[in-house]
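Peer 1: Structure: start.txt, compact mmCIF, C-alpha atoms.
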```txt
# COMPACT_ATOMS: atom_id res chain seq x y z
CA MET A 1 20.94 -12.28 9.29
CA ALA A 2 20.13 -8.59 8.87
CA SER A 3 19.61 -6.35 11.86
CA PRO A 4 16.00 -6.18 13.08
CA LEU A 5 14.10 -2.96 12.69
CA SER A 6 12.11 -1.30 15.43
CA ILE A 7 8.50 -1.64 14.28
CA GLY A 8 5.29 0.04 15.37
CA ILE A 9 2.02 -1.76 14.65
CA THR A 10 -1.23 0.18 14.21
CA ARG A 11 -4.24 -1.98 15.08
CA ASP A 12 -7.68 -1.47 16.58
CA ASP A 13 -10.76 -3.65 16.92
CA ARG A 14 -12.83 -0.69 15.71
CA PHE A 15 -11.68 -1.54 12.18
CA LEU A 16 -13.82 -4.68 12.43
CA ALA A 17 -16.99 -2.56 12.72
CA HIS A 18 -16.95 -1.80 8.98
CA GLN A 19 -19.52 -4.34 7.76
CA THR A 20 -19.71 -5.11 4.05
CA GLY A 21 -22.26 -7.93 3.75
CA LEU A 22 -22.21 -11.70 4.08
CA SER A 23 -20.40 -12.51 0.83
CA HIS A 24 -18.18 -9.48 0.32
CA PRO A 25 -14.45 -10.28 0.00
CA GLU A 26 -13.38 -7.26 2.06
CA ALA A 27 -14.78 -8.63 5.32
CA PRO A 28 -13.84 -8.11 8.99
CA ALA A 29 -12.63 -11.73 9.13
CA ARG A 30 -9.51 -10.88 7.13
CA LEU A 31 -8.24 -8.38 9.70
CA ALA A 32 -9.42 -10.50 12.64
CA ALA A 33 -7.21 -13.33 11.36
CA VAL A 34 -4.21 -11.00 11.19
CA TYR A 35 -4.81 -9.78 14.75
CA ARG A 36 -5.05 -13.37 16.02
CA MET A 37 -1.77 -14.19 14.32
CA LEU A 38 -0.08 -11.20 15.95
CA ASP A 39 -1.30 -12.21 19.39
CA TYR A 40 -0.16 -15.80 18.93
CA GLU A 41 3.12 -15.31 17.06
CA PHE A 42 4.37 -11.92 18.23
CA ALA A 43 2.96 -11.27 21.70
CA ALA A 44 4.80 -8.30 23.24
CA VAL A 45 7.31 -8.15 20.33
CA PHE A 46 6.09 -4.92 18.75
CA ALA A 47 5.00 -1.56 20.06
CA GLU A 48 1.30 -1.19 19.31
CA ARG A 49 -0.22 2.20 18.62
CA THR A 50 -3.89 3.14 18.86
CA PRO A 51 -5.02 5.21 15.86
CA GLN A 52 -6.95 8.44 15.92
CA PRO A 53 -9.37 9.39 13.14
CA ALA A 54 -8.16 11.76 10.46
CA THR A 55 -9.60 15.24 10.86
CA LEU A 56 -12.19 16.56 8.47
CA GLU A 57 -9.63 19.14 7.28
CA GLN A 58 -7.11 16.40 6.46
CA VAL A 59 -9.71 14.38 4.54
CA GLU A 60 -11.05 17.47 2.72
CA ALA A 61 -7.55 18.08 1.34
CA LEU A 62 -8.28 15.19 -1.02
CA HIS A 63 -12.00 14.36 -1.08
CA THR A 64 -14.75 16.67 -2.35
CA PRO A 65 -17.36 18.21 -0.01
CA ASP A 66 -20.23 16.56 -1.90
CA TYR A 67 -18.70 13.13 -1.55
CA LEU A 68 -17.98 13.63 2.14
CA ARG A 69 -21.52 14.81 2.81
CA MET A 70 -22.82 11.64 1.18
CA LEU A 71 -20.36 9.53 3.16
CA LEU A 72 -21.26 11.16 6.47
CA ALA A 73 -24.94 10.46 5.77
CA THR A 74 -24.25 6.70 5.72
CA ALA A 75 -23.93 6.81 9.51
CA ARG A 76 -27.72 7.18 9.65
CA ARG A 77 -28.34 4.08 7.55
CA ARG A 78 -27.87 0.42 8.31
CA PHE A 79 -26.45 -0.32 4.87
CA THR A 80 -25.50 1.81 1.85
CA ASN A 81 -24.14 0.94 -1.60
CA LEU A 82 -21.44 3.53 -2.25
CA ALA A 83 -20.51 1.87 -5.54
CA ALA A 84 -21.25 -1.40 -7.32
CA ASP A 85 -18.44 -3.09 -5.41
CA THR A 86 -18.21 -0.92 -2.29
CA THR A 87 -20.64 -0.96 0.62
CA ALA A 88 -20.96 0.84 3.93
CA SER A 89 -22.66 0.10 7.22
CA SER A 90 -23.56 2.70 9.81
CA TYR A 91 -20.04 2.50 11.31
CA SER A 92 -18.14 2.55 8.01
CA CYS A 93 -17.71 6.32 7.77
CA TYR A 94 -16.06 6.46 11.19
CA THR A 95 -13.95 3.42 10.38
CA ALA A 96 -12.77 5.00 7.12
CA PHE A 97 -11.71 8.17 8.95
CA LEU A 98 -9.94 5.94 11.49
CA ALA A 99 -8.10 4.05 8.72
CA ALA A 100 -6.87 7.27 7.14
CA GLY A 101 -5.83 8.61 10.53
CA GLY A 102 -4.12 5.34 11.38
CA CYS A 103 -1.97 5.54 8.26
CA LEU A 104 -1.14 9.19 8.84
CA GLY A 105 -0.23 8.58 12.48
CA ALA A 106 1.97 5.62 11.56
CA ALA A 107 3.79 7.70 8.95
CA GLN A 108 4.36 10.52 11.41
CA ASP A 109 5.71 8.05 13.99
CA VAL A 110 8.44 6.81 11.65
CA LEU A 111 9.27 10.30 10.44
CA GLU A 112 9.68 11.46 14.03
CA GLY A 113 11.94 8.51 14.81
CA ARG A 114 9.72 6.56 17.19
CA TYR A 115 10.16 3.49 15.01
CA GLN A 116 12.19 2.67 11.91
CA ALA A 117 9.22 0.99 10.26
CA GLY A 118 5.48 1.02 10.74
CA LEU A 119 2.70 -1.34 9.74
CA ALA A 120 -0.83 0.06 9.64
CA LEU A 121 -3.27 -2.87 9.80
CA VAL A 122 -6.37 -0.96 8.83
CA ARG A 123 -9.54 -1.35 6.81
CA PRO A 124 -11.26 -0.32 4.60
CA PRO A 125 -8.39 -0.16 2.11
CA GLY A 126 -7.76 3.03 0.18
CA HIS A 127 -5.72 3.03 -3.02
CA HIS A 128 -8.72 2.94 -5.44
CA ALA A 129 -10.71 5.73 -3.76
CA GLN A 130 -11.16 8.82 -5.92
CA ALA A 131 -11.60 12.40 -4.77
CA ASP A 132 -15.34 12.26 -5.44
CA LYS A 133 -16.30 8.62 -5.04
CA ALA A 134 -15.69 5.26 -3.43
CA GLN A 135 -14.68 2.29 -5.55
CA GLY A 136 -12.79 -0.98 -5.47
CA PHE A 137 -13.72 -1.66 -1.80
CA CYS A 138 -12.07 1.69 -0.89
CA ILE A 139 -13.89 4.59 0.79
CA LEU A 140 -11.18 7.14 1.64
CA ASN A 141 -7.77 7.17 0.01
CA ASN A 142 -5.67 6.42 3.08
CA LEU A 143 -2.19 6.94 1.64
CA GLY A 144 -3.33 9.82 -0.54
CA ILE A 145 -4.57 11.67 2.54
CA THR A 146 -1.35 10.75 4.35
CA ALA A 147 0.93 11.98 1.58
CA LEU A 148 -0.96 15.27 1.15
CA GLU A 149 -0.72 15.96 4.87
CA LEU A 150 3.01 15.19 4.88
CA ILE A 151 3.51 17.53 1.93
CA LYS A 152 1.61 20.21 3.85
CA GLN A 153 4.04 19.64 6.72
CA GLY A 154 7.00 20.28 4.41
CA LEU A 155 8.04 17.01 2.79
CA LYS A 156 9.18 17.33 -0.82
CA ARG A 157 9.83 13.72 -1.92
CA ILE A 158 7.53 10.84 -1.00
CA LEU A 159 7.86 7.41 -2.59
CA ILE A 160 4.70 5.29 -2.69
CA VAL A 161 5.29 1.64 -3.60
CA ASP A 162 2.11 -0.25 -4.47
CA TRP A 163 2.51 -4.05 -4.71
CA ASP A 164 -1.22 -4.84 -4.58
CA LEU A 165 -2.46 -7.05 -7.44
CA HIS A 166 -4.71 -4.22 -8.60
CA HIS A 167 -3.51 -0.86 -9.89
CA GLY A 168 -4.03 1.98 -7.42
CA ASP A 169 -5.84 4.23 -9.85
CA GLY A 170 -6.92 6.58 -7.08
CA LEU A 171 -3.36 7.18 -5.92
CA GLN A 172 -2.12 7.61 -9.47
CA ARG A 173 -4.75 10.20 -10.31
CA ILE A 174 -4.08 12.29 -7.19
CA PHE A 175 -0.35 12.63 -7.83
CA TYR A 176 -0.12 12.22 -11.62
CA ASP A 177 1.13 15.77 -12.19
CA SER A 178 3.24 16.13 -9.03
CA PRO A 179 6.98 15.52 -8.57
CA GLN A 180 6.49 15.48 -4.80
CA VAL A 181 5.19 11.91 -4.92
CA LEU A 182 6.81 9.19 -7.01
CA TYR A 183 4.22 6.43 -7.47
CA PHE A 184 5.70 2.98 -8.23
CA SER A 185 3.11 0.28 -8.89
CA SER A 186 3.28 -3.36 -9.97
CA HIS A 187 -0.07 -4.87 -10.92
CA HIS A 188 -1.95 -7.07 -13.35
CA HIS A 189 -2.97 -4.55 -16.00
CA HIS A 190 -5.97 -6.52 -17.25
CA SER A 191 -7.54 -6.90 -13.82
CA TYR A 192 -9.71 -4.25 -12.14
CA PRO A 193 -9.54 -1.26 -12.64
CA HIS A 194 -7.85 -1.83 -16.04
CA THR A 195 -5.58 1.19 -15.68
CA GLY A 196 -1.86 1.64 -15.13
CA GLY A 197 -0.34 0.88 -18.52
CA TRP A 198 3.40 1.10 -19.06
CA GLU A 199 3.05 4.41 -20.88
CA GLU A 200 1.13 6.08 -18.02
CA ALA A 201 4.13 7.90 -16.60
CA GLY A 202 2.82 11.21 -15.24
CA ALA A 203 2.04 14.58 -16.77
CA GLY A 204 3.27 18.16 -16.54
CA GLN A 205 5.70 18.61 -13.67
CA GLY A 206 4.95 15.00 -12.68
CA ALA A 207 6.11 13.51 -15.99
CA GLY A 208 8.29 10.51 -15.17
CA TYR A 209 7.17 10.31 -11.55
CA THR A 210 4.61 7.55 -12.13
CA VAL A 211 6.10 4.10 -12.77
CA ASN A 212 3.68 1.37 -13.84
CA LEU A 213 4.85 -2.23 -14.10
CA CYS A 214 2.33 -4.47 -15.87
CA LEU A 215 2.64 -8.04 -14.62
CA PRO A 216 1.45 -10.91 -16.83
CA PRO A 217 -0.91 -13.45 -15.28
CA GLY A 218 0.88 -16.16 -13.38
CA SER A 219 3.80 -13.94 -12.37
CA ASP A 220 5.56 -15.58 -9.45
CA ASP A 221 7.95 -14.62 -6.68
CA ASN A 222 11.02 -14.81 -8.92
CA ASP A 223 9.44 -12.56 -11.55
CA VAL A 224 8.25 -9.87 -9.16
CA VAL A 225 11.27 -9.87 -6.83
CA THR A 226 13.66 -9.72 -9.79
CA LEU A 227 11.69 -6.79 -11.23
CA TYR A 228 11.78 -4.87 -7.96
CA ARG A 229 15.44 -5.68 -7.31
CA GLU A 230 16.35 -4.36 -10.77
CA LEU A 231 14.42 -1.09 -10.52
CA LEU A 232 13.83 0.08 -6.95
CA PRO A 233 17.49 0.70 -6.06
CA GLN A 234 17.74 3.03 -9.07
CA VAL A 235 14.56 4.83 -8.12
CA VAL A 236 15.57 5.30 -4.49
CA GLU A 237 19.12 6.39 -5.33
CA ARG A 238 17.98 9.04 -7.79
CA TYR A 239 14.81 10.24 -6.06
CA GLN A 240 16.13 10.19 -2.47
CA PRO A 241 12.70 9.89 -0.82
CA GLN A 242 12.17 11.32 2.63
CA VAL A 243 9.69 8.57 3.49
CA ILE A 244 8.61 5.33 1.79
CA LEU A 245 4.92 4.48 1.97
CA VAL A 246 3.74 1.05 0.82
CA SER A 247 0.30 0.08 -0.42
CA ALA A 248 0.75 -3.43 0.89
CA GLY A 249 -1.84 -5.62 -0.78
CA PHE A 250 -1.50 -9.40 -0.68
CA ASP A 251 -4.11 -10.40 -3.25
CA GLY A 252 -1.42 -11.53 -5.69
CA GLN A 253 -0.86 -14.53 -3.42
CA ARG A 254 -1.61 -17.64 -5.45
CA ASP A 255 -4.45 -18.89 -3.20
CA ASP A 256 -6.24 -15.55 -2.91
CA PRO A 257 -9.79 -15.74 -4.30
CA LEU A 258 -9.19 -12.66 -6.49
CA SER A 259 -5.71 -13.63 -7.67
CA ASN A 260 -4.46 -14.57 -11.10
CA MET A 261 -0.85 -14.47 -9.93
CA SER A 262 1.46 -17.08 -8.41
CA MET A 263 3.13 -15.19 -5.59
CA SER A 264 3.67 -16.68 -2.15
CA ARG A 265 4.45 -15.34 1.28
CA ALA A 266 8.16 -15.73 0.45
CA GLY A 267 7.91 -13.18 -2.36
CA TYR A 268 6.24 -10.57 -0.18
CA ALA A 269 8.86 -11.12 2.52
CA ALA A 270 11.59 -10.46 -0.06
CA LEU A 271 9.91 -7.24 -1.22
CA ALA A 272 9.73 -6.05 2.39
CA ALA A 273 13.39 -6.94 2.92
CA LEU A 274 14.38 -4.96 -0.18
CA LEU A 275 12.48 -1.89 0.98
CA ALA A 276 14.03 -2.17 4.43
CA ASP A 277 17.51 -2.39 2.88
CA LEU A 278 16.87 0.63 0.68
CA GLY A 279 15.24 2.54 3.51
CA PRO A 280 15.90 2.40 7.25
CA LEU A 281 18.45 -0.45 7.28
CA GLY A 282 20.58 1.38 4.71
CA GLY A 283 20.40 4.70 6.51
CA GLY A 284 17.71 5.96 4.17
CA ALA A 285 14.08 6.92 4.49
CA PRO A 286 11.79 5.48 7.15
CA LEU A 287 9.28 2.90 5.97
CA MET A 288 5.53 2.60 6.54
CA LEU A 289 3.35 -0.17 5.14
CA ALA A 290 -0.45 0.16 5.00
CA LEU A 291 -2.72 -2.81 4.39
CA GLU A 292 -4.64 -2.86 1.12
CA GLY A 293 -5.93 -6.12 -0.44
CA GLY A 294 -5.68 -9.78 0.51
CA TYR A 295 -8.94 -11.69 0.78
CA ASP A 296 -8.13 -15.15 2.11
CA PRO A 297 -7.88 -14.46 5.85
CA ASP A 298 -5.46 -17.28 6.65
CA GLN A 299 -3.16 -16.54 3.71
CA LEU A 300 -3.25 -12.83 4.48
CA ALA A 301 -2.15 -13.51 8.05
CA ALA A 302 0.60 -15.83 6.82
CA CYS A 303 1.91 -13.23 4.36
CA ILE A 304 1.98 -10.50 7.01
CA ARG A 305 3.76 -12.86 9.39
CA SER A 306 6.47 -13.42 6.76
CA VAL A 307 6.79 -9.70 6.09
CA LEU A 308 7.24 -9.00 9.79
CA LEU A 309 9.87 -11.72 10.10
CA ALA A 310 11.73 -10.20 7.16
CA LEU A 311 11.66 -6.78 8.83
CA LEU A 312 12.99 -8.44 11.97
CA GLY A 313 15.99 -9.70 10.00
CA GLU A 314 15.04 -13.21 8.89
CA GLN A 315 16.72 -14.18 5.63
CA THR A 316 14.53 -14.08 2.51
CA MET A 317 14.80 -15.14 -1.13
CA LEU A 318 15.77 -11.59 -2.14
CA GLU A 319 19.29 -12.40 -3.31
CA ARG A 320 18.38 -15.81 -4.77
CA ALA A 321 15.58 -14.60 -7.04
CA GLY A 322 16.27 -14.85 -10.75
CA SER A 323 13.85 -14.44 -13.63
CA GLU A 324 14.43 -13.64 -17.29
CA ARG A 325 10.84 -12.41 -17.50
CA GLY A 326 11.40 -10.09 -14.54
CA ALA A 327 14.57 -8.69 -16.11
CA GLU A 328 12.75 -8.11 -19.42
CA MET A 329 9.96 -6.20 -17.64
CA ALA A 330 12.57 -4.07 -15.88
CA GLU A 331 14.12 -3.13 -19.21
CA GLN A 332 10.71 -2.29 -20.61
CA ALA A 333 10.15 0.12 -17.72
CA ARG A 334 13.55 1.74 -18.32
CA ALA A 335 12.77 2.12 -22.02
CA VAL A 336 9.56 4.00 -21.23
CA HIS A 337 11.19 6.25 -18.64
CA ARG A 338 14.54 7.17 -20.20
CA ALA A 339 12.97 10.12 -21.96
CA TYR A 340 11.92 11.67 -18.63
CA LYS A 341 15.34 11.37 -16.93
CA VAL A 342 13.77 11.25 -13.49
CA TRP A 343 15.28 7.99 -12.25
CA VAL A 344 16.98 6.51 -15.33
CA ASP A 345 19.01 8.14 -18.14
```
What would you get if you wrote out this structure as structure tokens?

Peer 2:
Amino acid sequence: MASPLSIGITRDDRFLAHQTGLSHPEAPARLAAVYRMLDYEFAAVFAERTPQPATLEQVEALHTPDYLRMLLATARRRFTNLAADTTASSYSCYTAFLAAGGCLGAAQDVLEGRYQAGLALVRPPGHHAQADKAQGFCILNNLGITALELIKQGLKRILIVDWDLHHGDGLQRIFYDSPQVLYFSSHHHHSYPHTGGWEEAGAGQGAGYTVNLCLPPGSDDNDVVTLYRELLPQVVERYQPQVILVSAGFDGQRDDPLSNMSMSRAGYAALAALLADLGPLGGGAPLMLALEGGYDPDQLAACIRSVLLALLGEQTMLERAGSERGAEMAEQARAVHRAYKVWVD
């Protein structure tokens, strides 16, 4: 059994105040289920941290003034449609600032050595949010704001791993021309938002620093874990990140209402174990995971439980995974990226 990591958990009942409507998938019930699981399964196991909202200056580093003025105005309305798929109640603006601040605070905690790993259990999610608009259930781009603030503080190499079912088009766009963030995303290319093709690899000084892995429908634990195990060690060894941020979405779980994948909690646990091995357990960069998707509350809680157990040292399927399809996808990614010589020659 691997050594357990010291883990800080960011949670707050104020995240439940973001109301999205009776039938919206991104509902308070999903986070409430995770909090109940923590209280039942891990009482007094983890240090819990109370988040503070991101400052307006930190949010303005990414989002446009016009968009923020519109977002701030939602506090005066009971309900606002920010986009066709993204809604806000009167508390949603504050909750979005709290989610961004929760992620930033969790990242700073691990960088300052308070914990080896952090888990920010926040909502609304963030990886689809654009500089000038909400979309894909996301209002502010939580990890985008976090990474920009860390760069402002002096970091030069940030790795963002995005294992959500859906491509984080907001994150990709923010850092597409920057070598200071290497964005590594696995997703179903033909699901929303229909971006993130293999050939989308960055531009200008950021050429080669965006890695998109297009998963076919029905991809399972063996496929995804094999793919990550083949590629991430190369990426980490060559890039030498100073911190690893994870867009931890669990909507690829086979019973999720938005899923067309066949992953289980075991696969997510193995991905977490791999990142821990490549990061804090291996003497490398600290690790911070931020909640993104996952829309079956019970399955979401079960997946996060398995991830936490993996970070605490429980054995996973990481070494047992084997998939010819996963190995073929890894070689396809290498073929695209050899020309850039960022992480593979």

Peer 1: Which residues of segment 137-220 of chain A sit at most 9 Å from segment 113-132 of chain A, using all atoms listed in the file? Give each one's shortest atom pair and distance in Å (one decimal place), in chain and ascending residue order, as CSV.

Peer 2:
```
residue,atom,partner,partner_atom,distance
A:Phe137,CA,A:Pro125,CA,6.8
A:Cys138,CA,A:Gly126,CA,4.6
A:Ile139,CA,A:Ala129,CA,5.7
A:Leu140,CA,A:Gly126,CA,5.5
A:Asn141,CA,A:Gly126,CA,4.1
A:Asn142,CA,A:Gly126,CA,4.9
A:Leu143,CA,A:Gly126,CA,7.0
A:Gly144,CA,A:His127,CA,7.6
A:Asp162,CA,A:His127,CA,8.6
A:His166,CA,A:His128,CA,8.8
A:His167,CA,A:His128,CA,7.8
A:Gly168,CA,A:His127,CA,4.8
A:Asp169,CA,A:His128,CA,5.4
A:Gly170,CA,A:His128,CA,4.4
A:Leu171,CA,A:His127,CA,5.6
A:Gln172,CA,A:His127,CA,8.7
A:Arg173,CA,A:Gln130,CA,7.9
A:Ile174,CA,A:Ala131,CA,7.9
A:Pro193,CA,A:His128,CA,8.4
```

Peer 1: For those residues, write C-alpha atoms to a file as a CSV table (one decimal), in the coordinates of the input.

Peer 2:
```csv
chain,number,residue,atom,x,y,z
A,137,PHE,CA,-13.7,-1.7,-1.8
A,138,CYS,CA,-12.1,1.7,-0.9
A,139,ILE,CA,-13.9,4.6,0.8
A,140,LEU,CA,-11.2,7.1,1.6
A,141,ASN,CA,-7.8,7.2,0.0
A,142,ASN,CA,-5.7,6.4,3.1
A,143,LEU,CA,-2.2,6.9,1.6
A,144,GLY,CA,-3.3,9.8,-0.5
A,162,ASP,CA,2.1,-0.2,-4.5
A,166,HIS,CA,-4.7,-4.2,-8.6
A,167,HIS,CA,-3.5,-0.9,-9.9
A,168,GLY,CA,-4.0,2.0,-7.4
A,169,ASP,CA,-5.8,4.2,-9.8
A,170,GLY,CA,-6.9,6.6,-7.1
A,171,LEU,CA,-3.4,7.2,-5.9
A,172,GLN,CA,-2.1,7.6,-9.5
A,173,ARG,CA,-4.8,10.2,-10.3
A,174,ILE,CA,-4.1,12.3,-7.2
A,193,PRO,CA,-9.5,-1.3,-12.6
```

Peer 1: Go through A:Leu98, A:Asp251, A:Ala276, A:Tyr268 one by one, measure the shortest atom-to-atom distance of each to Glu26 of chain A using only C-alpha atoms, and give the residue with the smallest value.

Peer 2: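 Among the listed residues, A:Asp251 lies closest to Glu26 of chain A.
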
Peer 1: From the list A:Ala147, A:Ala248, A:Leu159, A:Ala321, which residue is nearest Cys303 of chain A when using only C-alpha atoms?

Peer 2: A:Ala248

Peer 1: Using only C-alpha atoms, which protein or nucleic acid residues come within 10 Å of segment 34-44 of chain A? Drop anything in the same chain fewer than 6 positions from it, and give the result as a list of chain:residue names.

Peer 2: A:Ile9, A:Arg11, A:Asp12, A:Asp13, A:Leu121, A:Pro297, A:Asp298, A:Gln299, A:Leu300, A:Ala301, A:Ala302, A:Cys303, A:Ile304, A:Arg305, A:Leu308, A:Leu309

Peer 1: Compile the contact shell of Ala84 of chain A as a PDB file with C-alpha atoms, in the coordinates of the input: residues with an atom at most 12 Å away, counting all atoms listed in the file, same-chain residues fewer than 3 positions apart removed.

Peer 2:
```pdb
ATOM      1  CA  HIS A  24     -18.180  -9.480   0.320  1.00  0.00           C
ATOM      2  CA  THR A  80     -25.500   1.810   1.850  1.00  0.00           C
ATOM      3  CA  ASN A  81     -24.140   0.940  -1.600  1.00  0.00           C
ATOM      4  CA  THR A  87     -20.640  -0.960   0.620  1.00  0.00           C
ATOM      5  CA  ALA A  88     -20.960   0.840   3.930  1.00  0.00           C
ATOM      6  CA  LYS A 133     -16.300   8.620  -5.040  1.00  0.00           C
ATOM      7  CA  ALA A 134     -15.690   5.260  -3.430  1.00  0.00           C
ATOM      8  CA  GLN A 135     -14.680   2.290  -5.550  1.00  0.00           C
ATOM      9  CA  GLY A 136     -12.790  -0.980  -5.470  1.00  0.00           C
ATOM     10  CA  PHE A 137     -13.720  -1.660  -1.800  1.00  0.00           C
ATOM     11  CA  CYS A 138     -12.070   1.690  -0.890  1.00  0.00           C
TER      12      CYS A 138
END
```

Peer 1: I'd like the contact shell of segment 55-64 of chain A - 7 Å cut-off, all atoms listed in the file, skipping same-chain residues fewer than 2 positions apart - returned as a ChimeraX atom specification.

Peer 2: /A:53,66-68,131-132,145,149

Peer 1: Between A:Glu314, A:Asp296, A:Glu237, A:Glu324, which is the closest to Ala272 of chain A once you count all atoms listed in the file?

Peer 2: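 Of A:Glu314, A:Asp296, A:Glu237, A:Glu324, the one nearest Ala272 of chain A, counting all atoms listed in the file, is A:Glu314.
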
Peer 1: Please, what distance in Å, to one decimal, runs between atom CA of Leu5 of chain A and atom CA of His187 of chain A?

Peer 2: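 Value for the atom CA of Leu5 of chain A-atom CA of His187 of chain A distance: 27.6 Å.
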
Peer 1: Identify which of the residues A:Leu278, A:Leu71, A:Ala310, A:Leu215 lies closest to Phe97 of chain A, counting all atoms listed in the file when measuring atom-to-atom distances.

Peer 2: A:Leu71

Peer 1: Counting only C-alpha atoms, select every polymer residue within 12 Å of (11.6, -15.9, -9.9) as defined in the file's coordinates, and provide the selection as a PyMOL selection string.

Peer 2: chain A and resi 218-229+262-264+266-267+270+317-327

Peer 1: Between atom CA of Glu328 of chain A and atom CA of Ser186 of chain A, what is the distance in Å, rounded to a tenth?

Peer 2: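 Separation between atom CA of Glu328 of chain A and atom CA of Ser186 of chain A: 14.2 Å.
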
Peer 1: Within 10 Å of Tyr209 of chain A, counting all atoms listed in the file, which residues qualify if same-chain residues fewer than 5 places away don't, as a list in words?

Peer 2: Leu159, Gln172, Phe175, Tyr176, Asp177, Ser178, Pro179, Gln180, Val181, Leu182, Tyr183, Phe184, Glu200, Ala201, Gly202, Ala203, Val235, Tyr239, His337, Tyr340, Lys341, Val342 and Trp343 of chain A

Peer 1: Could the residues in this selection be saved with C-alpha atoms as a tab-separated table (two decimals), in the frame of the given file?

Peer 2:
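Done, and the output landed in again-v9.tsv:
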```tsv
chain	number	residue	atom	x	y	z
A	159	LEU	CA	7.86	7.41	-2.59
A	172	GLN	CA	-2.12	7.61	-9.47
A	175	PHE	CA	-0.35	12.63	-7.83
A	176	TYR	CA	-0.12	12.22	-11.62
A	177	ASP	CA	1.13	15.77	-12.19
A	178	SER	CA	3.24	16.13	-9.03
A	179	PRO	CA	6.98	15.52	-8.57
A	180	GLN	CA	6.49	15.48	-4.80
A	181	VAL	CA	5.19	11.91	-4.92
A	182	LEU	CA	6.81	9.19	-7.01
A	183	TYR	CA	4.22	6.43	-7.47
A	184	PHE	CA	5.70	2.98	-8.23
A	200	GLU	CA	1.13	6.08	-18.02
A	201	ALA	CA	4.13	7.90	-16.60
A	202	GLY	CA	2.82	11.21	-15.24
A	203	ALA	CA	2.04	14.58	-16.77
A	235	VAL	CA	14.56	4.83	-8.12
A	239	TYR	CA	14.81	10.24	-6.06
A	337	HIS	CA	11.19	6.25	-18.64
A	340	TYR	CA	11.92	11.67	-18.63
A	341	LYS	CA	15.34	11.37	-16.93
A	342	VAL	CA	13.77	11.25	-13.49
A	343	TRP	CA	15.28	7.99	-12.25
```

Peer 1: Provide the atom CA of Leu82 of chain A to atom CA of Met70 of chain A distance in Å, to one decimal place.

Peer 2: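 Those two atoms sit 8.9 Å apart.
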
Peer 1: When distances are computed from all atoms listed in the file, which of A:Glu199, A:Asp255, A:Asp277, A:Asp109 shows the smallest separation from Val336 of chain A?

Peer 2: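 Between A:Glu199, A:Asp255, A:Asp277, A:Asp109, the residue approaching Val336 of chain A most closely is A:Glu199.
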
Peer 1: Compare A:Ala100, A:Leu312, A:Ile244, A:Leu232 by their minimum atom-to-atom distance to Leu289 of chain A, counting only C-alpha atoms, and give me the closest one.

Peer 2: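 For Leu289 of chain A, the nearest of the given residues is A:Ile244.
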
Peer 1: Give the padded box for segment 159-170 of chain A as JSON: axis-aligned, covering all atoms listed in the file, 6 Å on each side, centre and edge lengths in Å to one decimal.

Peer 2:
```
{"center_x": 0.5, "center_y": 0.2, "center_z": -6.2, "size_x": 26.8, "size_y": 26.5, "size_z": 19.3}
```
